There are 4 protein chains.
Amino acid sequence: MATISGRTFGSDNHAGVDPAVLAALGAANSGDAVAYGEDDASKAAVARLCAAAGAREGYLVFNGTGANVLALSLLVRPYEAVICAESSHLNVDECGAPERVLGCKLLAVPTPDGKLTPDLVATRLTGLGDEHRAQPRVLQIAQATELGTCYSLTELGQLRDFGHEHGLLIYLDGARIANAAAHLGCSLSAIAACADVLSFGGTKNGALGVEAVLVMAGGLTAGGKYHRKQVMQLASKMRFLAAQIDALLDEDRWLANARAANARASQLAAALAVVPDVRVAYPVQANGVFTDVSRDLACRLLQEWPAQVWSEAPDGRRAVLRWMTAFDTAEEDVAEVAAAISEAAARTSAEAAAVQSG
Amino acid sequence: MATISGRTFGSDNHAGVDPAVLAALGAANSGDAVAYGEDDASKAAVARLCAAAGAREGYLVFNGTGANVLALSLLVRPYEAVICAESSHLNVDECGAPERVLGCKLLAVPTPDGKLTPDLVATRLTGLGDEHRAQPRVLQIAQATELGTCYSLTELGQLRDFGHEHGLLIYLDGARIANAAAHLGCSLSAIAACADVLSFGGTKNGALGVEAVLVMAGGLTAGGKYHRKQVMQLASKMRFLAAQIDALLDEDRWLANARAANARASQLAAALAVVPDVRVAYPVQANGVFTDVSRDLACRLLQEWPAQVWSEAPDGRRAVLRWMTAFDTAEEDVAEVAAAISEAAARTSAEAAAVQSG
Amino acid sequence: MATISGRTFGSDNHAGVDPAVLAALGAANSGDAVAYGEDDASKAAVARLCAAAGAREGYLVFNGTGANVLALSLLVRPYEAVICAESSHLNVDECGAPERVLGCKLLAVPTPDGKLTPDLVATRLTGLGDEHRAQPRVLQIAQATELGTCYSLTELGQLRDFGHEHGLLIYLDGARIANAAAHLGCSLSAIAACADVLSFGGTKNGALGVEAVLVMAGGLTAGGKYHRKQVMQLASKMRFLAAQIDALLDEDRWLANARAANARASQLAAALAVVPDVRVAYPVQANGVFTDVSRDLACRLLQEWPAQVWSEAPDGRRAVLRWMTAFDTAEEDVAEVAAAISEAAARTSAEAAAVQSG
Amino acid sequence: MATISGRTFGSDNHAGVDPAVLAALGAANSGDAVAYGEDDASKAAVARLCAAAGAREGYLVFNGTGANVLALSLLVRPYEAVICAESSHLNVDECGAPERVLGCKLLAVPTPDGKLTPDLVATRLTGLGDEHRAQPRVLQIAQATELGTCYSLTELGQLRDFGHEHGLLIYLDGARIANAAAHLGCSLSAIAACADVLSFGGTKNGALGVEAVLVMAGGLTAGGKYHRKQVMQLASKMRFLAAQIDALLDEDRWLANARAANARASQLAAALAVVPDVRVAYPVQANGVFTDVSRDLACRLLQEWPAQVWSEAPDGRRAVLRWMTAFDTAEEDVAEVAAAISEAAARTSAEAAAVQSG
């Protein structure tokens with residue numbers, strides 16, 4: 001497996017931990033602390049994150065699947081349904097955890113770019129009041145989306161208003177909310193204000209492993225602590241999750257890390273824009289670049305890189321590969337991977353031409 | 001809240017992280033690593049732990065609830081039942097997570113000391129083949145138990161044989177398996193050989209947060225990785241769970257840590273044995289001391305210490321308090337807490353005598 | 001298998017259908033009717049039953065398991081628990097359906113006679129507010145109980161008040177509520193007033209197969225129709241469930257049928273009271289007689305009769321057998337089965353004496 | 001609500017019960033019978049149905065939702081997924097019961113006519129072996145489909161073979177299997193041979209309420225009886241479900257009833273073929289006719305008829321209405337409803353023309 005100075009571009013989860021986060025873990029390791037978040041440091045970190053988001057209540061959890069399932073546990077009964085983009089992590093990449101643990105149905109809507117719109121949501125608002133149909137109750141929005149795109153605040157506000165008008169609660173999956181805030185140049189609370197419940201992703205942002213579920217709306221806070229325990233997301237040595245959150249909030253590190261990752265993705269997209277046979281498939285608004293390439297180029301690249309094959313054309317002739325940057329990706333890393341892709345494209349073209357003319 | 005040099009004796013989860021574990025986290029933080037356990041370091045750590053236990057397959061997870069639920073996911077269908085001690089963590093302290101996520105019934109058996117016996121298990125082997133009854137399928141054993149007691153290897157072997165004869169699979173909850181191994185002076189594999197699936201607890205042993213599910217028996221490995229993902233226990237930056245396991249296995253640190261904790265509990269029990277009005281409720285075979293004290297003494301102690309109230313006599317006149325030691329509890333800490341308890345007992349007795357004679 | 005004029009005494013479910021119910025099915029079979037309970041006849045039958053019980057809302061379902069699970073679906077979230085008698089049908093005879101479909105924990109309390117008391121319930125009100133514990137939310141009462149005993153209205157009222165004071169909702173399992181009303185000489189609404197949700201059992205009362213879930217308390221009616229569909233209890237040709245309810249309500253047939261069954265059970269108990277070696281184990285307050293007999297007599301009886309073995313003494317020397325009467329059991333049937341039991345007892349004694357003296 | 005001689009054409013569930021079924025219920029009502037299907041008559045009826053289908057095992061249940069959920073309980077673990085047509089009853093009309101009770105994900109595939117093909121199924125065979133994805137395990141086929149179309153035996157065999165080649169088990173939803181057999185002119189076993197598990201629908205075929213789950217493949221029979229109990233489908237007075245099955249099997253009544261219903265649907269389709277503005281949307285191969293009509297005509301018809309609105313064009317200008325026939329629909333009934341639709345169409349056209357020319 002090729003890497004550029006140790007960078008794989010395979011996922012923002014391939015990255016390690018921000019040294020400031022590691023330092024915070026060490027600093028937190030002093031004496032005993034009451035477990036399960038009842039210590040002062042854990043309470044303070046949660047309060048600080050809630051203040052930043054304008055949230056009423058917060059729950060630290062281990063990972064994104066846990067955040068998604070806990071958040072939805074606060075919002076749905078088993079006969080209710082969650083409207084989400086067909087390409088969403090919730091629908092595609094949770095191995096059916098929501099269905100298993102919540103017992104509810106996802107109503108997945110195809111989208112051109114990972115983003116829902118009121119019109120797209122409206123297509124799923126059918127069978128209301130009909131006992132044969134799972135009843136739409138939650139509108140799930142990922143910000144940034146799984147395709148590396150972001151909603152504008154106006155778009156988010158419109159979705160929230162449309163949802164509320166139609167009796168839907170808004171869950172915003174913020175596994176990459178920092179990247180979205182960095183892209184929009186807005187505060188955490190500006191995004192959070194468009195949700196009833198949201199998650200705040202730390203892991204992809206430089207943490208070792210921590211996410212938070214933040215509750216914005218009154219009336220949704222009942223039972224959260226029991227749900228967290230039941231969905232296996234209650235850490236005993238909670239201070240070490242809290243310390244990670246603190247480290248990310250210190251000096252707005254969460255934002256700086258996201259800005260860095262976003263900038264590297266933009267750099268990569270710009271470099272690839274001039275490469276023949278490589279088409280950037282979606283607007284690059286976070287830290288992912290999706291390249292639409294020929295099958296031959298895809299095969300060549302995958303021999304060297306652990307890029308994720310995002311989709312394949314039905315005729316098998318083209319594929320979309322995903323390239324992710326992280327908080328610690330360097331400019332030179334990007335320059336090198338861009339050059340490597342460009343060179344692979346050139347070689348693939350040359351071979352194709354040789355076959356053609358042969 | 002009182003502490004002795006920062007020690008609360010409230011739980012082995014109140015302890016921090018073994019410095020060697022912290023160092024291992026730092027050492028693992030170099031460059032990218034493929035996520036979700038597909039990196040070489042994670043695979044090696046799991047293989048190493050499996051080798052130590054004689055296991056076929058291992059899964060690292062975040063916490064004890066996750067380990068319990070994942071382990072049982074490998075063993076039961078929803079119509080099957082898990083026989084366990086009434087006092088077990090699984091039955092009492094998981095907020096019903098097994099019922100929610102597995103959908104199965106626990107058949108809880110009262111025990112004198114947290115330990116099951118073939119005779120006790122036999123009381124639940126009823127209704128076999130009757131479709132109105134949940135069908136016993138798993139015998140859950142905690143080693144050490146929630147009451148700080150340990151099974152001997154002979155007892156474990158008898159339970160395993162009895163279970164297998166009656167069509168039961170054995171799940172051994174090893175959240176404190178290191179303490180049991182230290183008590184018995186045996187290897188990990190000697191205990192593991194008595195189980196079909198077991199958990200290996202790292203967190204209470206000095207880790208930041210990691211447990212493992214180990215599969216001993218053939219035919220039980222299907223679906224494990226999907227179950228782990230569905231029960232929200234798949235870490236993205238897995239290398240940092242793996243590093244903790246490695247640090248605990250290095251130089252048999254897991255065993256040394258457990259021995260230290262056990263020794264401090266024995267020291268505390270010995271010190272309390274001579275204190276009037278304090279009765280040690282269960283044999284001290286791991287790192288917990290359960291003290292049966294008068295209500296007045298309990299109240300006095302709880303004003304100062306975050307000891308857990310384990311149980312109360314129906315008439316309310318006595319209560320059992322739990323005192324836990326950890327890998328990093330010092331001899332002087334124990335001496336001081338023993339002195340504090342002794343003093344509180346003396347003061348409580350004196351007050352009672354004054355009231356009496358008054 | 002022996003029967004007396006076709007009567008087995010094995011269960012009130014062994015009985016057939018009241019001819020009036022069959023006639024009602026025929027009468028309902030005229031032309032089309034909108035499905036799923038939206039026809040006038042179904043609505044009227046439900047309204048009529050609700051009026052009789054003083055209920056706000058009613059749902060017809062197929063069977064008792066369905067009624068129990070649907071009722072509890074209205075009352076609990078997965079992290080909440082149901083306090084019930086250890087001997088209750090809910091705990092023992094539903095194959096874990098509540099755990100599977102509701103995901104919640106049952107907190108089973110041993111009782112001397114199948115009846116809960118506030119003191120017994122109080123033993124399970126622990127761990128309130130502790131996220132590690134499933135939170136008690138429902139007090140489940142069976143009226144009549146699985147052991148053929150009935151609560152007085154005073155007892156029921158005390159349980160309801162105690163439950164409400166402690167934040168518990170009351171679910172009354174009325175699979176044999178008619179037998180209880182017959183025993184107490186009270187109205188359906190008098191019993192129903194002690195519950196927040198209850199079931200009304202038709203099947204054991206002479207129906208082909210219909211039960212109802214009745215909602216007494218405001219605020220509990222949300223989602224009922226979706227839950228019924230999800231728990232697979234929504235009948236398409238609902239008019240034929242409704243017709244059964246109508247037939248049972250006509251001329252208070254439900255009460256007459258229960259009175260008849262109860263009277264036969266009392267007759268049997270009286271007849272057995274004078275038989276040596278046969279002890280009636282519980283007060284006979286409904287339509288079941290539980291006989292505590294020697295192992296030898298139990299074996300002899302079970303060769304001839306499909307009586308249910310309710311329990312066995314730990315030493316195996318005695319067993320409790322259950323004998324049930326139904327709406328259509330005749331006085332002569334009871335006389336004959338009593339004579340048969342008496343004769344078997346005499347023969348068993350004689351053989352034992354022969355062995356003794358041999 | 002208009003009806004023709006009491007016929008609504010709204011659903012085959014609006015029909016009553018075949019008089020032969022009612023008679024069978026009466027005949028079964030003699031003396032006691034052991035409950036829960038342990039009586040000889042119930043065993044015989046199940047054996048008879050199994051013989052007709054070539055099945056190894058059969059379970060009688062209350063309704064179609066129960067049959068679908070029980071069948072899938074035999075086939076999937078929670079991390080596995082069910083591939084089905086997007087328009088299938090399983091996906092659309094079960095209120096999320098499969099997700100709630102099985103905890104598994106449905107992978108719904110859009111189809112032109114309700115029928116899956118190997119190519120359509122193949123689009124969902126992605127992410128195999130990837131723990132982030134629910135793993136496709138069951139191919140669900142409805143025969144007849146929810147859109148009134150039928151697979152040929154060749155098509156069924158191809159799907160089965162394709163499924164088996166790709167590790168999928170086949171579940172055939174036979175809520176209207178009789179209509180499919182009538183259309184194909186084949187035996188029950190010919191269809192059943194294409195499935196690993198199937199359901200046999202009685203209710204829409206003239207029963208009061210009974211469906212069966214039939215297990216074809218070895219190795220799938222473990223646990224069925226427990227699953228049936230847990231999913232609340234175990235009838236106590238089973239003989240009355242069995243009697244319905246017997247009545248339908250007697251003299252091949254199931255086939256005669258389906259043939260009658262199918263013939264009436266064909267008659268209706270033929271009559272409507274000549275009506276301007278009414279387009280029959282799908283091939284009429286069972287007992288349903290789907291009419292694609294203008295919004296104005298749809299509104300007019302719905303004022304009079306309880307036809308189901310199956311779908312609406314995105315622009316709102318046309319809608320598809322469903323008309324169902326049943327075992328007892330008469331030729332004259334169809335002639336009258338066809339005339340009514342034709343007249344409504346003519347009146348709607350005339351009004352539109354008047355507006356146009358006005």
# chains A, B, ... in the order shown; residues from 1 in each chain; ligands from 1

$ select_by_dssp --residues "stretch 87-260 of chain C" --states "helix (DSSP H, G or I)" --output "ChimeraX atom specification"
/C:89-92,97-102,118-122,153-165,177-184,188-192,203-205,224-230,239-260

$ residues_around --residues "stretch 88-102 of chain C" --least-positions-apart "6" --cutoff "9 Å" --atoms "only C-alpha atoms" --output "ChimeraX atom specification"
/B:78-81,99-105,130-135 /C:65,68-69,72-73,76-78,108,114,140-142,145-147,173,231 /D:100-101,226-227,229-232

$ closest_residue --among "D:Ile170, D:Cys50, D:Ile341, D:Val17" --to "D:Val275" --atoms "only C-alpha atoms"
D:Ile341

$ select_by_dssp --residues "stretch 137-204 of chain B" --states "strand (DSSP E or B)" --output "list in words"
Arg137, Val138, Leu139, Gln140, Ile141, Ala142, Leu169, Ile170, Tyr171, Leu172, Asp173, Val197, Leu198, Ser199, Phe200 and Gly201 of chain B

$ residues_around --residues "D:Val197" --least-positions-apart "5" --cutoff "6 Å" --atoms "only C-alpha atoms" --output "PyMOL selection string"
chain D and resi 171+214-216

$ closest_atom_pairs --of "chain D" --to "chain C" --cutoff "8 Å" --atoms "only C-alpha atoms" --output "tab-separated table"
residue	atom	partner	partner_atom	distance
D:Ser5	CA	C:Gly31	CA	7.6
D:Gly6	CA	C:Gly31	CA	4.8
D:Arg7	CA	C:Asp32	CA	5.4
D:Thr8	CA	C:Asp32	CA	6.4
D:Gly10	CA	C:Val34	CA	7.7
D:Ser11	CA	C:Ala35	CA	7.8
D:Asn13	CA	C:Ala35	CA	5.8
D:His14	CA	C:Ala33	CA	4.9
D:Ala15	CA	C:Asp32	CA	4.7
D:Gly16	CA	C:Asn29	CA	5.4
D:Val17	CA	C:Asn29	CA	6.3
D:Leu22	CA	C:Gly26	CA	6.9
D:Leu25	CA	C:Leu22	CA	7.9
D:Gly26	CA	C:Leu22	CA	7.0
D:Asn29	CA	C:Gly16	CA	5.4
D:Ser30	CA	C:Gly16	CA	6.6
D:Gly31	CA	C:Gly6	CA	4.7
D:Asp32	CA	C:Ala15	CA	4.7
D:Ala33	CA	C:His14	CA	4.8
D:Val34	CA	C:His14	CA	5.1
D:Ala35	CA	C:His14	CA	5.3
D:Phe62	CA	C:Phe62	CA	7.2
D:Asn63	CA	C:Ala235	CA	6.8
D:Thr65	CA	C:Met232	CA	5.6
D:Gly66	CA	C:Met232	CA	5.3
D:Glu94	CA	C:Gln230	CA	6.8
D:Cys95	CA	C:Gln230	CA	5.9
D:Gly96	CA	C:Gln230	CA	6.5
D:Ala97	CA	C:Gln230	CA	4.4
D:Arg100	CA	C:Val101	CA	7.3
D:Val101	CA	C:Val101	CA	5.9
D:Leu208	CA	C:Lys237	CA	6.8
D:Gly209	CA	C:Lys237	CA	7.1
D:Tyr226	CA	C:Cys95	CA	7.0
D:Lys229	CA	C:Cys95	CA	6.7
D:Gln230	CA	C:Ala97	CA	4.4
D:Val231	CA	C:Ala97	CA	6.8
D:Met232	CA	C:Gly66	CA	5.3
D:Gln233	CA	C:Met232	CA	7.9
D:Leu234	CA	C:Asn63	CA	7.9
D:Ala235	CA	C:Asn63	CA	6.8
D:Ser236	CA	C:Asn13	CA	6.0
D:Lys237	CA	C:Asn13	CA	6.1
D:Phe240	CA	C:Leu208	CA	7.3

$ residues_around --residues "C:Ala144" --least-positions-apart "5" --cutoff "10 Å" --atoms "only C-alpha atoms" --output "list of chain:residue names"
C:Gly114, C:Lys115, C:Thr149, C:Cys150, C:Tyr151, C:Leu172, C:Asp173, C:Gly174, C:Ala175, C:Arg176, C:Ile177, C:Ala178, C:Asn179, C:Ala180, C:Ala181, C:His183, C:Gln285, C:Ala286, C:Asn287, C:Gly288

$ residues_around --residues "C:Leu302" --least-positions-apart "4" --cutoff "12 Å" --atoms "only C-alpha atoms" --output "PDB file with N, CA, C and O atoms, in the first residue's frame"
ATOM      1  N   MET C   1     -55.813 -40.501  25.776  1.00  0.00           N
ATOM      2  CA  MET C   1     -56.164 -39.401  26.678  1.00  0.00           C
ATOM      3  C   MET C   1     -57.615 -39.522  27.102  1.00  0.00           C
ATOM      4  O   MET C   1     -58.520 -39.610  26.267  1.00  0.00           O
ATOM      5  N   ALA C   2     -57.817 -39.486  28.409  1.00  0.00           N
ATOM      6  CA  ALA C   2     -59.176 -39.570  28.927  1.00  0.00           C
ATOM      7  C   ALA C   2     -59.865 -38.223  28.798  1.00  0.00           C
ATOM      8  O   ALA C   2     -59.245 -37.176  28.916  1.00  0.00           O
ATOM      9  N   THR C   8     -61.475 -32.167  28.921  1.00  0.00           N
ATOM     10  CA  THR C   8     -60.136 -32.610  29.320  1.00  0.00           C
ATOM     11  C   THR C   8     -59.681 -32.011  30.650  1.00  0.00           C
ATOM     12  O   THR C   8     -58.757 -32.515  31.265  1.00  0.00           O
ATOM     13  N   PHE C   9     -60.249 -30.902  31.055  1.00  0.00           N
ATOM     14  CA  PHE C   9     -59.818 -30.161  32.253  1.00  0.00           C
ATOM     15  C   PHE C   9     -58.358 -29.694  32.154  1.00  0.00           C
ATOM     16  O   PHE C   9     -57.771 -29.268  33.126  1.00  0.00           O
ATOM     17  N   GLY C  10     -57.811 -29.802  30.952  1.00  0.00           N
ATOM     18  CA  GLY C  10     -56.401 -29.441  30.786  1.00  0.00           C
ATOM     19  C   GLY C  10     -56.188 -27.944  30.678  1.00  0.00           C
ATOM     20  O   GLY C  10     -55.165 -27.412  31.090  1.00  0.00           O
ATOM     21  N   VAL C 293     -50.223 -32.919  45.022  1.00  0.00           N
ATOM     22  CA  VAL C 293     -50.354 -34.370  45.208  1.00  0.00           C
ATOM     23  C   VAL C 293     -48.984 -35.038  45.251  1.00  0.00           C
ATOM     24  O   VAL C 293     -47.980 -34.451  44.865  1.00  0.00           O
ATOM     25  N   ARG C 295     -45.976 -37.565  44.154  1.00  0.00           N
ATOM     26  CA  ARG C 295     -45.439 -37.867  42.822  1.00  0.00           C
ATOM     27  C   ARG C 295     -46.147 -39.067  42.203  1.00  0.00           C
ATOM     28  O   ARG C 295     -46.484 -39.074  41.018  1.00  0.00           O
ATOM     29  N   ASP C 296     -46.395 -40.066  43.005  1.00  0.00           N
ATOM     30  CA  ASP C 296     -47.017 -41.273  42.455  1.00  0.00           C
ATOM     31  C   ASP C 296     -48.415 -40.985  41.931  1.00  0.00           C
ATOM     32  O   ASP C 296     -48.799 -41.441  40.849  1.00  0.00           O
ATOM     33  N   LEU C 297     -49.167 -40.236  42.710  1.00  0.00           N
ATOM     34  CA  LEU C 297     -50.519 -39.901  42.252  1.00  0.00           C
ATOM     35  C   LEU C 297     -50.443 -39.017  41.005  1.00  0.00           C
ATOM     36  O   LEU C 297     -51.222 -39.193  40.050  1.00  0.00           O
ATOM     37  N   ALA C 298     -49.491 -38.064  41.016  1.00  0.00           N
ATOM     38  CA  ALA C 298     -49.338 -37.194  39.842  1.00  0.00           C
ATOM     39  C   ALA C 298     -49.070 -38.037  38.594  1.00  0.00           C
ATOM     40  O   ALA C 298     -49.695 -37.847  37.545  1.00  0.00           O
ATOM     41  N   PRO C 306     -54.676 -34.717  30.542  1.00  0.00           N
ATOM     42  CA  PRO C 306     -53.709 -33.714  30.096  1.00  0.00           C
ATOM     43  C   PRO C 306     -53.631 -32.528  31.053  1.00  0.00           C
ATOM     44  O   PRO C 306     -53.588 -31.382  30.625  1.00  0.00           O
ATOM     45  N   ALA C 307     -53.649 -32.816  32.343  1.00  0.00           N
ATOM     46  CA  ALA C 307     -53.516 -31.732  33.315  1.00  0.00           C
ATOM     47  C   ALA C 307     -52.109 -31.163  33.213  1.00  0.00           C
ATOM     48  O   ALA C 307     -51.147 -31.874  32.905  1.00  0.00           O
ATOM     49  N   GLN C 308     -51.994 -29.874  33.484  1.00  0.00           N
ATOM     50  CA  GLN C 308     -50.680 -29.246  33.415  1.00  0.00           C
ATOM     51  C   GLN C 308     -49.955 -29.440  34.748  1.00  0.00           C
ATOM     52  O   GLN C 308     -50.522 -29.253  35.817  1.00  0.00           O
ATOM     53  N   VAL C 309     -48.670 -29.851  34.671  1.00  0.00           N
ATOM     54  CA  VAL C 309     -47.842 -29.914  35.877  1.00  0.00           C
ATOM     55  C   VAL C 309     -47.375 -28.500  36.175  1.00  0.00           C
ATOM     56  O   VAL C 309     -46.597 -27.915  35.423  1.00  0.00           O
ATOM     57  N   ALA C 319     -46.075 -32.792  43.540  1.00  0.00           N
ATOM     58  CA  ALA C 319     -46.227 -31.931  42.367  1.00  0.00           C
ATOM     59  C   ALA C 319     -47.582 -31.239  42.447  1.00  0.00           C
ATOM     60  O   ALA C 319     -48.516 -31.743  43.072  1.00  0.00           O
ATOM     61  N   VAL C 320     -47.656 -30.083  41.812  1.00  0.00           N
ATOM     62  CA  VAL C 320     -48.929 -29.371  41.725  1.00  0.00           C
ATOM     63  C   VAL C 320     -49.462 -29.510  40.309  1.00  0.00           C
ATOM     64  O   VAL C 320     -48.777 -29.178  39.348  1.00  0.00           O
ATOM     65  N   LEU C 321     -50.667 -30.055  40.208  1.00  0.00           N
ATOM     66  CA  LEU C 321     -51.319 -30.199  38.906  1.00  0.00           C
ATOM     67  C   LEU C 321     -52.458 -29.185  38.802  1.00  0.00           C
ATOM     68  O   LEU C 321     -53.131 -28.891  39.779  1.00  0.00           O
ATOM     69  N   ARG C 322     -52.646 -28.688  37.577  1.00  0.00           N
ATOM     70  CA  ARG C 322     -53.683 -27.682  37.358  1.00  0.00           C
ATOM     71  C   ARG C 322     -54.873 -28.296  36.623  1.00  0.00           C
ATOM     72  O   ARG C 322     -54.699 -28.991  35.619  1.00  0.00           O
ATOM     73  N   TRP C 323     -56.059 -28.052  37.106  1.00  0.00           N
ATOM     74  CA  TRP C 323     -57.310 -28.503  36.467  1.00  0.00           C
ATOM     75  C   TRP C 323     -58.153 -27.280  36.165  1.00  0.00           C
ATOM     76  O   TRP C 323     -58.462 -26.501  37.057  1.00  0.00           O
ATOM     77  N   ILE C 341     -60.307 -38.750  40.069  1.00  0.00           N
ATOM     78  CA  ILE C 341     -59.140 -38.353  40.873  1.00  0.00           C
ATOM     79  C   ILE C 341     -59.168 -39.076  42.218  1.00  0.00           C
ATOM     80  O   ILE C 341     -58.160 -39.601  42.706  1.00  0.00           O
ATOM     81  N   ALA C 344     -58.172 -42.611  41.770  1.00  0.00           N
ATOM     82  CA  ALA C 344     -56.731 -42.738  41.529  1.00  0.00           C
ATOM     83  C   ALA C 344     -55.963 -42.559  42.830  1.00  0.00           C
ATOM     84  O   ALA C 344     -54.974 -43.256  43.095  1.00  0.00           O
TER      85      ALA C 344
END

$ residues_around --residues "D:Gly54" --least-positions-apart "3" --cutoff "12 Å" --atoms "only C-alpha atoms" --output "VMD selection string"
chain D and resid 46 to 51 57 to 58 187 to 198 214 to 217

$ atom_distance --atom1 "atom CA of C:Gly167" --atom2 "atom CA of C:Val121"
12.3 Å

$ atom_distance --atom1 "atom CA of A:Val278" --atom2 "atom CA of D:Gly127"
24.6 Å

$ atom_distance --atom1 "atom CA of C:Glu331" --atom2 "atom CA of C:Glu251"
22.5 Å

$ residues_around --residues "B:Ala212" --least-positions-apart "5" --cutoff "6 Å" --atoms "only C-alpha atoms" --output "NGL selection string"
:B and (59-61 or 199-200)

$ decode --residues "stretch 213-217 of chain C" --atoms "all heavy atoms" --output "compact mmCIF listing (two decimals), in the first residue's frame"
# COMPACT_ATOMS: atom_id res chain seq x y z
N VAL C 213 -57.47 -4.80 24.00
CA VAL C 213 -56.66 -3.92 24.85
C VAL C 213 -57.45 -2.64 25.06
O VAL C 213 -57.87 -2.01 24.08
CB VAL C 213 -55.30 -3.61 24.18
CG1 VAL C 213 -54.54 -2.54 24.97
CG2 VAL C 213 -54.48 -4.87 24.07
N LEU C 214 -57.67 -2.30 26.31
CA LEU C 214 -58.49 -1.14 26.64
C LEU C 214 -57.64 -0.10 27.36
O LEU C 214 -56.94 -0.41 28.32
CB LEU C 214 -59.66 -1.57 27.53
CG LEU C 214 -60.58 -2.64 26.91
CD1 LEU C 214 -61.60 -3.13 27.95
CD2 LEU C 214 -61.28 -2.08 25.69
N VAL C 215 -57.73 1.13 26.88
CA VAL C 215 -56.93 2.21 27.44
C VAL C 215 -57.82 3.10 28.30
O VAL C 215 -58.79 3.68 27.82
CB VAL C 215 -56.29 3.05 26.31
CG1 VAL C 215 -55.41 4.14 26.89
CG2 VAL C 215 -55.50 2.16 25.36
N MET C 216 -57.49 3.18 29.57
CA MET C 216 -58.29 3.94 30.52
C MET C 216 -57.78 5.38 30.64
O MET C 216 -58.55 6.33 30.71
CB MET C 216 -58.22 3.31 31.91
CG MET C 216 -58.61 1.85 31.96
SD MET C 216 -60.32 1.56 31.43
CE MET C 216 -61.21 2.34 32.78
N ALA C 217 -56.47 5.54 30.71
CA ALA C 217 -55.89 6.83 31.06
C ALA C 217 -55.66 7.68 29.81
O ALA C 217 -55.30 7.17 28.75
CB ALA C 217 -54.56 6.62 31.77
